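Q: What follows is model-v3.cif, mmCIF, C-alpha atoms, pLDDT in the B column; chains and numbers go by the auth columns.
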data_final
#
loop_
_atom_site.group_PDB
_atom_site.id
_atom_site.type_symbol
_atom_site.label_atom_id
_atom_site.label_comp_id
_atom_site.label_asym_id
_atom_site.label_seq_id
_atom_site.Cartn_x
_atom_site.Cartn_y
_atom_site.Cartn_z
_atom_site.B_iso_or_equiv
_atom_site.auth_seq_id
_atom_site.auth_asym_id
ATOM 1 C CA MET A 1 0.000 0.000 0.000 89.00 114 R
ATOM 2 C CA VAL A 2 1.379 3.390 -1.033 90.00 115 R
ATOM 3 C CA ASN A 3 0.022 6.534 0.625 87.00 116 R
ATOM 4 C CA TYR A 4 -0.385 9.835 -1.154 88.00 117 R
ATOM 5 C CA SER A 5 -1.884 13.237 -0.468 82.00 118 R
ATOM 6 C CA LEU A 6 -2.773 16.297 -2.531 83.00 119 R
ATOM 7 C CA VAL A 7 -1.144 19.728 -2.278 73.00 120 R
ATOM 8 C CA GLU A 8 -1.866 22.935 -4.111 68.00 121 R
ATOM 9 C CA ASN A 9 0.165 23.202 -7.310 73.00 122 R
ATOM 10 C CA VAL A 10 2.159 26.434 -7.002 62.00 123 R
ATOM 11 C CA LEU A 11 3.271 26.262 -10.634 67.00 124 R
ATOM 12 C CA THR A 12 -0.126 27.259 -12.022 69.00 125 R
ATOM 13 C CA ASP A 13 -2.497 30.146 -11.368 70.00 126 R
ATOM 14 C CA ARG A 14 -5.564 27.918 -10.959 72.00 127 R
ATOM 15 C CA LYS A 15 -6.775 27.722 -7.354 68.00 128 R
ATOM 16 C CA ASP A 16 -8.307 24.268 -7.929 76.00 129 R
ATOM 17 C CA ASP A 17 -5.127 22.762 -9.412 81.00 130 R
ATOM 18 C CA TYR A 18 -3.530 20.169 -7.118 81.00 131 R
ATOM 19 C CA SER A 19 -0.712 17.666 -7.458 81.00 132 R
ATOM 20 C CA ALA A 20 -0.081 14.390 -5.663 84.00 133 R
ATOM 21 C CA ILE A 21 2.759 13.731 -3.225 80.00 134 R
ATOM 22 C CA VAL A 22 3.666 10.096 -2.617 83.00 135 R
ATOM 23 C CA HIS A 23 4.782 9.236 0.938 78.00 136 R
ATOM 24 C CA THR A 24 7.359 6.475 1.132 75.00 137 R
ATOM 25 C CA LYS A 25 7.360 4.230 4.198 74.00 138 R
ATOM 26 C CA GLY A 26 11.158 4.374 4.298 69.00 139 R
ATOM 27 C CA SER A 27 14.177 2.955 2.517 72.00 140 R
ATOM 28 C CA LEU A 28 15.544 -0.578 2.784 81.00 141 R
ATOM 29 C CA ASP A 29 19.237 -1.240 2.187 84.00 142 R
ATOM 30 C CA LYS A 30 20.824 -4.519 1.103 89.00 143 R
ATOM 31 C CA GLU A 31 21.101 -5.900 4.639 89.00 144 R
ATOM 32 C CA GLU A 32 17.431 -5.216 5.315 89.00 145 R
ATOM 33 C CA LEU A 33 16.444 -6.875 2.050 92.00 146 R
ATOM 34 C CA ILE A 34 18.500 -9.936 3.001 93.00 147 R
ATOM 35 C CA SER A 35 16.685 -10.077 6.358 92.00 148 R
ATOM 36 C CA ARG A 36 13.348 -10.066 4.555 92.00 149 R
ATOM 37 C CA MET A 37 14.521 -12.862 2.270 93.00 150 R
ATOM 38 C CA LEU A 38 15.517 -14.931 5.313 93.00 151 R
ATOM 39 C CA ASN A 39 12.141 -14.274 6.936 91.00 152 R
ATOM 40 C CA LYS A 40 10.499 -16.073 4.023 90.00 153 R
ATOM 41 C CA GLY A 41 11.891 -19.317 5.439 86.00 154 R
ATOM 42 C CA THR A 42 14.596 -19.999 2.855 85.00 155 R
ATOM 43 C CA LEU A 43 17.255 -22.589 3.670 88.00 156 R
ATOM 44 C CA THR A 44 19.882 -20.307 2.193 91.00 157 R
ATOM 45 C CA THR A 45 22.076 -18.577 4.765 94.00 158 R
ATOM 46 C CA ARG A 46 22.700 -14.838 5.065 93.00 159 R
ATOM 47 C CA THR A 47 26.279 -15.419 3.920 95.00 160 R
ATOM 48 C CA ASP A 48 25.090 -17.271 0.806 95.00 161 R
ATOM 49 C CA ILE A 49 22.599 -14.550 -0.120 95.00 162 R
ATOM 50 C CA LEU A 50 25.163 -11.801 0.435 95.00 163 R
ATOM 51 C CA ALA A 51 27.686 -13.638 -1.749 96.00 164 R
ATOM 52 C CA VAL A 52 25.166 -14.001 -4.594 96.00 165 R
ATOM 53 C CA LEU A 53 24.122 -10.343 -4.413 96.00 166 R
ATOM 54 C CA ASN A 54 27.725 -9.169 -4.323 96.00 167 R
ATOM 55 C CA ASN A 55 28.504 -11.405 -7.298 97.00 168 R
ATOM 56 C CA LEU A 56 25.544 -9.968 -9.211 97.00 169 R
ATOM 57 C CA GLU A 57 26.646 -6.391 -8.507 96.00 170 R
ATOM 58 C CA GLU A 58 30.239 -7.120 -9.531 97.00 171 R
ATOM 59 C CA THR A 59 29.102 -8.888 -12.710 97.00 172 R
ATOM 60 C CA VAL A 60 26.813 -6.023 -13.735 97.00 173 R
ATOM 61 C CA GLU A 61 29.673 -3.567 -13.213 96.00 174 R
ATOM 62 C CA GLU A 62 32.034 -5.804 -15.177 97.00 175 R
ATOM 63 C CA VAL A 63 29.783 -6.150 -18.235 98.00 176 R
ATOM 64 C CA LEU A 64 29.058 -2.407 -18.233 97.00 177 R
ATOM 65 C CA LEU A 65 32.800 -1.719 -18.311 97.00 178 R
ATOM 66 C CA GLN A 66 33.011 -4.086 -21.286 97.00 179 R
ATOM 67 C CA GLY A 67 30.378 -2.057 -23.132 97.00 180 R
ATOM 68 C CA PHE A 68 27.372 -4.353 -22.745 97.00 181 R
ATOM 69 C CA SER A 69 23.874 -3.243 -21.798 97.00 182 R
ATOM 70 C CA VAL A 70 21.981 -5.217 -19.161 97.00 183 R
ATOM 71 C CA VAL A 71 18.433 -6.517 -19.555 97.00 184 R
ATOM 72 C CA TYR A 72 17.283 -7.746 -16.150 96.00 185 R
ATOM 73 C CA PRO A 73 13.793 -8.338 -14.699 96.00 186 R
ATOM 74 C CA LEU A 74 14.204 -5.412 -12.287 96.00 187 R
ATOM 75 C CA PHE A 75 16.029 -2.917 -14.503 96.00 188 R
ATOM 76 C CA ASN A 76 17.541 -2.312 -17.922 97.00 189 R
ATOM 77 C CA THR A 77 20.641 -0.242 -18.681 96.00 190 R
ATOM 78 C CA SER A 78 21.723 1.789 -21.682 96.00 191 R
ATOM 79 C CA PHE A 79 24.503 4.256 -22.488 96.00 192 R
ATOM 80 C CA SER A 80 24.337 7.867 -23.631 94.00 193 R
ATOM 81 C CA ILE A 81 26.826 10.709 -24.009 94.00 194 R
ATOM 82 C CA SER A 82 25.994 14.270 -22.942 91.00 195 R
ATOM 83 C CA GLY A 83 27.741 17.354 -24.244 90.00 196 R
ATOM 84 C CA VAL A 84 28.127 19.030 -27.636 91.00 197 R
ATOM 85 C CA PHE A 85 30.519 17.749 -30.321 95.00 198 R
ATOM 86 C CA GLU A 86 32.096 20.392 -32.549 93.00 199 R
ATOM 87 C CA GLY A 87 31.663 18.809 -35.928 93.00 200 R
ATOM 88 C CA ALA A 88 31.858 15.278 -37.311 95.00 201 R
ATOM 89 C CA LEU A 89 35.617 14.972 -36.678 96.00 202 R
ATOM 90 C CA ASP A 90 35.393 15.845 -32.981 96.00 203 R
ATOM 91 C CA SER A 91 36.017 13.086 -30.399 96.00 204 R
ATOM 92 C CA PHE A 92 35.019 12.404 -26.821 96.00 205 R
ATOM 93 C CA ASP A 93 36.655 14.819 -24.383 95.00 206 R
ATOM 94 C CA GLY A 94 36.225 14.221 -20.675 93.00 207 R
ATOM 95 C CA ASN A 95 36.262 17.970 -20.022 92.00 208 R
ATOM 96 C CA ARG A 96 33.324 18.601 -22.358 92.00 209 R
ATOM 97 C CA HIS A 97 31.469 15.313 -22.500 93.00 210 R
ATOM 98 C CA LYS A 98 30.174 12.729 -20.071 92.00 211 R
ATOM 99 C CA LEU A 99 29.244 9.085 -20.534 94.00 212 R
ATOM 100 C CA ASN A 100 25.993 8.255 -18.747 93.00 213 R
ATOM 101 C CA VAL A 101 24.699 4.867 -17.631 93.00 214 R
ATOM 102 C CA ASN A 102 20.906 5.104 -17.841 94.00 215 R
ATOM 103 C CA LEU A 103 18.477 2.940 -15.882 94.00 216 R
ATOM 104 C CA THR A 104 14.915 2.092 -16.901 95.00 217 R
ATOM 105 C CA LYS A 105 12.322 -0.185 -15.333 95.00 218 R
ATOM 106 C CA GLY A 106 12.567 -3.866 -16.176 96.00 219 R
ATOM 107 C CA LEU A 107 9.621 -6.185 -16.840 96.00 220 R
ATOM 108 C CA ARG A 108 9.305 -7.242 -13.187 96.00 221 R
ATOM 109 C CA LEU A 109 9.128 -3.629 -11.963 96.00 222 R
ATOM 110 C CA ARG A 110 6.637 -2.668 -14.649 95.00 223 R
ATOM 111 C CA GLU A 111 4.383 -5.521 -13.560 96.00 224 R
ATOM 112 C CA ALA A 112 4.766 -4.590 -9.876 96.00 225 R
ATOM 113 C CA GLU A 113 3.854 -1.003 -10.744 95.00 226 R
ATOM 114 C CA LYS A 114 0.442 -2.183 -11.958 95.00 227 R
ATOM 115 C CA LYS A 115 -0.234 -4.099 -8.724 96.00 228 R
ATOM 116 C CA VAL A 116 0.596 -1.372 -6.188 95.00 229 R
ATOM 117 C CA LYS A 117 -2.497 -0.231 -4.269 95.00 230 R
ATOM 118 C CA LEU A 118 -2.891 3.436 -3.390 95.00 231 R
ATOM 119 C CA GLU A 119 -4.479 5.049 -0.344 92.00 232 R
ATOM 120 C CA LYS A 120 -5.186 8.772 -0.066 92.00 233 R
ATOM 121 C CA THR A 121 -4.276 10.419 3.252 85.00 234 R
ATOM 122 C CA THR A 122 -5.760 13.650 4.550 73.00 235 R
ATOM 123 C CA THR A 123 -2.569 15.518 5.383 63.00 236 R
ATOM 124 C CA ALA A 124 0.886 15.650 3.884 54.00 237 R
ATOM 125 C CA PRO A 125 4.031 15.620 5.994 53.00 238 R
ATOM 126 C CA LEU A 126 5.832 18.943 5.844 68.00 239 R
ATOM 127 C CA LEU A 127 8.762 17.658 3.833 77.00 240 R
ATOM 128 C CA PRO A 128 10.543 19.779 1.230 86.00 241 R
ATOM 129 C CA LEU A 129 9.484 19.091 -2.344 88.00 242 R
ATOM 130 C CA ILE A 130 11.159 20.449 -5.494 92.00 243 R
ATOM 131 C CA GLN A 131 8.752 20.724 -8.409 90.00 244 R
ATOM 132 C CA GLU A 132 10.678 22.907 -10.834 94.00 245 R
ATOM 133 C CA VAL A 133 14.162 24.312 -11.376 96.00 246 R
ATOM 134 C CA LYS A 134 14.412 27.292 -13.726 96.00 247 R
ATOM 135 C CA ASP A 135 17.610 28.773 -15.137 96.00 248 R
ATOM 136 C CA SER A 136 16.856 32.502 -15.378 93.00 249 R
ATOM 137 C CA ILE A 137 19.639 33.291 -17.880 92.00 250 R
ATOM 138 C CA SER A 138 18.385 30.870 -20.539 92.00 251 R
ATOM 139 C CA GLY A 139 14.778 30.716 -19.355 93.00 252 R
ATOM 140 C CA ARG A 140 14.907 26.925 -19.614 93.00 253 R
ATOM 141 C CA VAL A 141 13.176 24.755 -17.016 94.00 254 R
ATOM 142 C CA ASN A 142 14.605 21.479 -15.647 94.00 255 R
ATOM 143 C CA GLU A 143 17.355 21.442 -18.287 93.00 256 R
ATOM 144 C CA VAL A 144 20.431 23.609 -17.633 95.00 257 R
ATOM 145 C CA LEU A 145 22.376 25.587 -15.020 96.00 258 R
ATOM 146 C CA THR A 146 24.205 28.699 -16.237 95.00 259 R
ATOM 147 C CA VAL A 147 27.377 29.290 -14.204 94.00 260 R
ATOM 148 C CA ASN A 148 27.180 32.505 -12.141 94.00 261 R
ATOM 149 C CA GLY A 149 23.580 32.925 -13.269 95.00 262 R
ATOM 150 C CA VAL A 150 20.367 32.981 -11.268 96.00 263 R
ATOM 151 C CA LEU A 151 18.508 29.822 -10.308 96.00 264 R
ATOM 152 C CA GLU A 152 14.847 29.667 -9.297 97.00 265 R
ATOM 153 C CA VAL A 153 13.685 26.595 -7.369 97.00 266 R
ATOM 154 C CA ARG A 154 9.927 26.199 -6.848 94.00 267 R
ATOM 155 C CA GLY A 155 7.987 23.698 -4.774 91.00 268 R
ATOM 156 C CA HIS A 156 6.775 23.205 -1.194 87.00 269 R
ATOM 157 C CA ASN A 157 8.404 23.678 2.230 87.00 270 R
ATOM 158 C CA LEU A 158 11.673 24.736 0.620 92.00 271 R
ATOM 159 C CA ARG A 159 12.626 27.587 2.952 93.00 272 R
ATOM 160 C CA ILE A 160 16.165 26.960 4.164 95.00 273 R
ATOM 161 C CA GLU A 161 16.413 27.332 7.935 92.00 274 R
ATOM 162 C CA GLY A 162 18.354 25.655 10.715 90.00 275 R
ATOM 163 C CA ASP A 163 21.757 25.623 12.352 89.00 276 R
ATOM 164 C CA ASP A 164 22.793 22.229 11.019 91.00 277 R
ATOM 165 C CA PRO A 165 25.779 22.699 8.643 92.00 278 R
ATOM 166 C CA THR A 166 24.094 20.533 6.002 92.00 279 R
ATOM 167 C CA CYS A 167 21.227 23.013 5.562 95.00 280 R
ATOM 168 C CA GLY A 168 21.386 24.871 2.272 95.00 281 R
ATOM 169 C CA LEU A 169 20.956 24.667 -1.479 97.00 282 R
ATOM 170 C CA TRP A 170 23.369 22.151 -2.986 96.00 283 R
ATOM 171 C CA PHE A 171 24.493 20.998 -6.436 96.00 284 R
ATOM 172 C CA ILE A 172 25.483 17.320 -6.765 94.00 285 R
ATOM 173 C CA ASP A 173 27.706 16.200 -9.643 91.00 286 R
ATOM 174 C CA GLY A 174 27.865 12.741 -11.189 85.00 287 R
ATOM 175 C CA ASN A 175 30.505 11.594 -8.689 84.00 288 R
ATOM 176 C CA GLY A 176 28.353 12.555 -5.710 86.00 289 R
ATOM 177 C CA GLU A 177 30.451 15.616 -4.845 90.00 290 R
ATOM 178 C CA GLU A 178 28.339 18.482 -3.502 94.00 291 R
ATOM 179 C CA PHE A 179 28.729 22.242 -3.963 95.00 292 R
ATOM 180 C CA LYS A 180 26.793 24.783 -1.910 96.00 293 R
ATOM 181 C CA ALA A 181 25.112 27.933 -3.201 96.00 294 R
ATOM 182 C CA GLU A 182 26.693 30.680 -1.114 95.00 295 R
ATOM 183 C CA THR A 183 24.320 33.460 -2.197 95.00 296 R
ATOM 184 C CA ILE A 184 20.580 33.066 -1.536 96.00 297 R
ATOM 185 C CA VAL A 185 18.607 35.990 -2.972 96.00 298 R
ATOM 186 C CA GLU A 186 15.128 34.849 -1.929 96.00 299 R
ATOM 187 C CA ASN A 187 14.255 32.180 0.639 96.00 300 R
ATOM 188 C CA LYS A 188 10.556 31.323 0.793 93.00 301 R
ATOM 189 C CA PRO A 189 8.655 28.062 1.407 91.00 302 R
ATOM 190 C CA SER A 190 7.453 27.990 -2.221 91.00 303 R
ATOM 191 C CA ARG A 191 10.487 29.539 -3.934 95.00 304 R
ATOM 192 C CA ILE A 192 14.240 29.872 -3.526 97.00 305 R
ATOM 193 C CA ILE A 193 16.297 32.163 -5.753 97.00 306 R
ATOM 194 C CA ALA A 194 20.071 31.734 -5.644 97.00 307 R
ATOM 195 C CA ILE A 195 23.258 32.442 -7.562 97.00 308 R
ATOM 196 C CA ILE A 196 24.699 29.376 -9.295 96.00 309 R
ATOM 197 C CA PRO A 197 28.338 28.893 -8.200 95.00 310 R
ATOM 198 C CA GLU A 198 31.256 27.836 -10.368 94.00 311 R
ATOM 199 C CA LEU A 199 30.576 24.189 -11.270 94.00 312 R
ATOM 200 C CA ARG A 200 32.141 21.623 -13.552 91.00 313 R
ATOM 201 C CA ARG A 201 30.584 21.581 -17.010 92.00 314 R
ATOM 202 C CA GLU A 202 28.631 18.364 -16.522 93.00 315 R
ATOM 203 C CA THR A 203 25.223 17.356 -15.225 93.00 316 R
ATOM 204 C CA HIS A 204 24.220 18.129 -11.634 95.00 317 R
ATOM 205 C CA GLN A 205 21.195 17.580 -9.443 95.00 318 R
ATOM 206 C CA VAL A 206 19.786 20.230 -7.119 96.00 319 R
ATOM 207 C CA LYS A 207 19.248 19.433 -3.433 95.00 320 R
ATOM 208 C CA VAL A 208 17.570 21.442 -0.662 95.00 321 R
ATOM 209 C CA VAL A 209 18.324 20.604 2.971 93.00 322 R
ATOM 210 C CA THR A 210 16.387 22.370 5.726 92.00 323 R
ATOM 211 C CA GLN A 211 15.048 22.104 9.261 88.00 324 R
ATOM 212 C CA PHE A 212 12.053 24.286 8.385 85.00 325 R
ATOM 213 C CA MET A 213 8.629 22.962 9.439 74.00 326 R
ATOM 214 C CA GLY A 214 6.467 26.070 9.220 69.00 327 R
ATOM 215 C CA ASN A 215 4.750 28.079 11.982 66.00 328 R
ATOM 216 C CA ASN A 216 8.162 28.963 13.442 68.00 329 R
ATOM 217 C CA LYS A 217 8.852 25.309 14.209 68.00 330 R
ATOM 218 C CA PHE A 218 12.029 23.498 13.256 75.00 331 R
ATOM 219 C CA LEU A 219 13.007 19.875 12.862 75.00 332 R
ATOM 220 C CA LYS A 220 15.718 18.398 15.052 77.00 333 R
ATOM 221 C CA VAL A 221 17.064 16.421 12.095 80.00 334 R
ATOM 222 C CA PRO A 222 17.256 18.144 8.672 87.00 335 R
ATOM 223 C CA LYS A 223 15.086 16.897 5.837 88.00 336 R
ATOM 224 C CA MET A 224 16.098 17.064 2.202 90.00 337 R
ATOM 225 C CA ALA A 225 14.645 17.090 -1.279 91.00 338 R
ATOM 226 C CA ILE A 226 16.609 16.124 -4.402 92.00 339 R
ATOM 227 C CA HIS A 227 15.315 17.193 -7.790 93.00 340 R
ATOM 228 C CA THR A 228 14.955 14.158 -10.046 86.00 341 R
ATOM 229 C CA LYS A 229 16.211 15.952 -13.167 91.00 342 R
ATOM 230 C CA ASN A 230 19.865 16.017 -14.228 92.00 343 R
ATOM 231 C CA LEU A 231 20.753 19.599 -15.219 95.00 344 R
ATOM 232 C CA LEU A 232 23.633 20.342 -17.595 94.00 345 R
ATOM 233 C CA VAL A 233 26.015 23.097 -16.459 94.00 346 R
ATOM 234 C CA VAL A 234 26.752 25.639 -19.222 93.00 347 R
ATOM 235 C CA ASP A 235 28.501 28.987 -19.624 91.00 348 R
ATOM 236 C CA LYS A 236 26.756 32.264 -20.335 84.00 349 R
ATOM 237 C CA GLU A 237 26.316 32.818 -24.047 74.00 350 R
#
Turn this file's structure into structure tokens for me.
A:
Amino acid sequence: MVNYSLVENVLTDRKDDYSAIVHTKGSLDKEELISRMLNKGTLTTRTDILAVLNNLEETVEEVLLQGFSVVYPLFNTSFSISGVFEGALDSFDGNRHKLNVNLTKGLRLREAEKKVKLEKTTTAPLLPLIQEVKDSISGRVNEVLTVNGVLEVRGHNLRIEGDDPTCGLWFIDGNGEEFKAETIVENKPSRIIAIIPELRRETHQVKVVTQFMGNNKFLKVPKMAIHTKNLLVVDKE
């Protein structure tokens, strides 16, 4: 059972326009998944299951490095290259281009998607939610980040507050390295405007971390929202 609730859509002018927020029951890591497998009564030991899973992960990594795509019941992989090539004779340059490993749902996940039951709840938890990231220099939405330009993040419960050092607006590159926006121009629950710092010319995700709850209340532990879109960093034209 998956719970969801409705919140007013701040991206449109219609007062009766709402969007759905899905509320996850939490995240399960590999160890927790192994525990659930053991609870099914299998004769296989934890060590055996861990060895098989580790072998699967290593094998997937190995075949990807060899240039193969993976078709698996849970997921499928493919390759793509981001960045602009300057003519037909240009070649891959790690400073201008990036190889991406893309994941899509496999057959098993697509079938599970059809079987999930939904239940509407009356109230939504006050968690930050990023709905849209707009690059003000180019005017493009959910596509690019112009270095030293202005970024507009819209959504719900975004206001950055709290004394935890992780609170802020962050940019995450493909290696997981994070860069903080040092200049926040506007800081509201529905919109944050900030200056984009100097970033590597590759794709990044935007993350908001805050202890803001509303009504002058603050969380003890920060909550975060990561925008699902990968945004390509570009220079001003």
Q: One number please: CA of Arg304 in chain R to CA of Thr279 in chain R, in Å, one decimal.
A: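 The value is 19.1 Å.
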Q: Pick out the residues sitting within 12 Å of Lys143 in chain R, and hand them over as a PDB file with C-alpha atoms, keeping the file's coordinate frame; count only C-alpha atoms, and ignore anything fewer than 2 positions along from it in its own chain.
A:
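Heads up, here's the output in part-v8.pdb:
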ATOM      1  CA  SER R 140      14.177   2.955   2.517  1.00 72.00           C
ATOM      2  CA  LEU R 141      15.544  -0.578   2.784  1.00 81.00           C
ATOM      3  CA  GLU R 145      17.431  -5.216   5.315  1.00 89.00           C
ATOM      4  CA  LEU R 146      16.444  -6.875   2.050  1.00 92.00           C
ATOM      5  CA  ILE R 147      18.500  -9.936   3.001  1.00 93.00           C
ATOM      6  CA  SER R 148      16.685 -10.077   6.358  1.00 92.00           C
ATOM      7  CA  ARG R 149      13.348 -10.066   4.555  1.00 92.00           C
ATOM      8  CA  MET R 150      14.521 -12.862   2.270  1.00 93.00           C
ATOM      9  CA  ARG R 159      22.700 -14.838   5.065  1.00 93.00           C
ATOM     10  CA  ILE R 162      22.599 -14.550  -0.120  1.00 95.00           C
ATOM     11  CA  LEU R 163      25.163 -11.801   0.435  1.00 95.00           C
ATOM     12  CA  ALA R 164      27.686 -13.638  -1.749  1.00 96.00           C
ATOM     13  CA  VAL R 165      25.166 -14.001  -4.594  1.00 96.00           C
ATOM     14  CA  LEU R 166      24.122 -10.343  -4.413  1.00 96.00           C
ATOM     15  CA  ASN R 167      27.725  -9.169  -4.323  1.00 96.00           C
ATOM     16  CA  GLU R 170      26.646  -6.391  -8.507  1.00 96.00           C
TER      17      GLU R 170
END
Q: Quick one: pull the distance between CA of Ile273 in chain R and CA of Lys342 in chain R, Å, one decimal.
A: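 Those two atoms sit 20.5 Å apart.
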Q: Would you pick out the contacts of Val115 in chain R at 12 Å or less, using only C-alpha atoms, so that residues sharing its chain but fewer than 6 positions from it are not included, and give the list as a list of chain:residue names?
A: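 With the cut-off at 12 Å, the set is R:Ile134, R:Val135, R:His136, R:Thr137, R:Lys138, R:Gly139, R:Glu226, R:Lys228, R:Val229, R:Lys230, R:Leu231, R:Glu232, R:Lys233, R:Thr234.
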Q: Pick out the closest residue to Arg272 in chain R from this set: R:Thr235, R:Val319, R:Ile243, R:Phe325. Count only C-alpha atoms.
A: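 Residue with the minimum atom-to-atom distance to Arg272 in chain R: R:Phe325.
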Q: Which is closer to Asn288 in chain R than all the others in R:Asp142, R:Glu199, R:Glu256, R:Arg313, using all atoms listed in the file?
A: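 Using all atoms listed in the file, the shortest distance to Asn288 in chain R belongs to R:Arg313.
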Q: Would you mind listing what lies within 8 Å of Gly275 in chain R as a PyMOL selection string, with only C-alpha atoms counted and same-chain residues fewer than 5 positions away left out?
A: chain R and resi 280+323-325+331+335
Q: What does the distance from CA of Ser193 in chain R to CA of Leu258 in chain R come to in Å, to one decimal?
A: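 These atoms are spaced 19.8 Å apart.
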Q: Between R:Glu315, R:Glu171, R:Asn261, R:Asn270, single out the one closest to Thr296 in chain R, counting all atoms listed in the file.
A: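 For Thr296 in chain R, the nearest of the candidates is R:Asn261.
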Q: Any chance you could resolve the PyMOL selection byres ((chain R and resi 269) around 10) against this file and give the residues as a PDB file with C-alpha atoms, in the frame of the given file?
A:
ATOM      1  CA  VAL R 120      -1.144  19.728  -2.278  1.00 73.00           C
ATOM      2  CA  GLU R 121      -1.866  22.935  -4.111  1.00 68.00           C
ATOM      3  CA  ASN R 122       0.165  23.202  -7.310  1.00 73.00           C
ATOM      4  CA  VAL R 123       2.159  26.434  -7.002  1.00 62.00           C
ATOM      5  CA  LEU R 239       5.832  18.943   5.844  1.00 68.00           C
ATOM      6  CA  LEU R 240       8.762  17.658   3.833  1.00 77.00           C
ATOM      7  CA  PRO R 241      10.543  19.779   1.230  1.00 86.00           C
ATOM      8  CA  LEU R 242       9.484  19.091  -2.344  1.00 88.00           C
ATOM      9  CA  ILE R 243      11.159  20.449  -5.494  1.00 92.00           C
ATOM     10  CA  GLN R 244       8.752  20.724  -8.409  1.00 90.00           C
ATOM     11  CA  VAL R 266      13.685  26.595  -7.369  1.00 97.00           C
ATOM     12  CA  ARG R 267       9.927  26.199  -6.848  1.00 94.00           C
ATOM     13  CA  GLY R 268       7.987  23.698  -4.774  1.00 91.00           C
ATOM     14  CA  ASN R 270       8.404  23.678   2.230  1.00 87.00           C
ATOM     15  CA  LEU R 271      11.673  24.736   0.620  1.00 92.00           C
ATOM     16  CA  ARG R 272      12.626  27.587   2.952  1.00 93.00           C
ATOM     17  CA  LYS R 301      10.556  31.323   0.793  1.00 93.00           C
ATOM     18  CA  PRO R 302       8.655  28.062   1.407  1.00 91.00           C
ATOM     19  CA  SER R 303       7.453  27.990  -2.221  1.00 91.00           C
ATOM     20  CA  ARG R 304      10.487  29.539  -3.934  1.00 95.00           C
ATOM     21  CA  ALA R 338      14.645  17.090  -1.279  1.00 91.00           C
TER      22      ALA R 338
END
Q: Write out as a ChimeraX atom specification which residues come within 6 Å of Val260 in chain R when counting all atoms listed in the file, dropping same-chain ones fewer than 6 positions away.
A: /R:309,311,348
Q: Deliver the residues from the most recent selection as a file, using C-alpha atoms, as an mmCIF file, keeping the file's coordinate frame.
A:
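Saved to selection_32.cif:
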data_model
loop_
_atom_site.group_PDB
_atom_site.id
_atom_site.type_symbol
_atom_site.label_atom_id
_atom_site.label_comp_id
_atom_site.auth_asym_id
_atom_site.auth_seq_id
_atom_site.Cartn_x
_atom_site.Cartn_y
_atom_site.Cartn_z
ATOM 1 C CA ILE R 309 24.699 29.376 -9.295
ATOM 2 C CA GLU R 311 31.256 27.836 -10.368
ATOM 3 C CA ASP R 348 28.501 28.987 -19.624
#
Q: So which one's closest to Leu282 in chain R, R:Gly262, R:Pro186, R:Gly219, R:Pro310? Using only C-alpha atoms, please.
A: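 Looking at the shortest contact to Leu282 in chain R, the residue is R:Pro310.
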Q: For each of R:Lys349, R:Arg314, R:Lys227, R:Lys153, take the minimum atom-to-atom distance to Val197 in chain R, counting all atoms listed in the file, then give the residue where this is smallest.
A: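 That would be R:Arg314, the residue with the smallest distance to Val197 in chain R.
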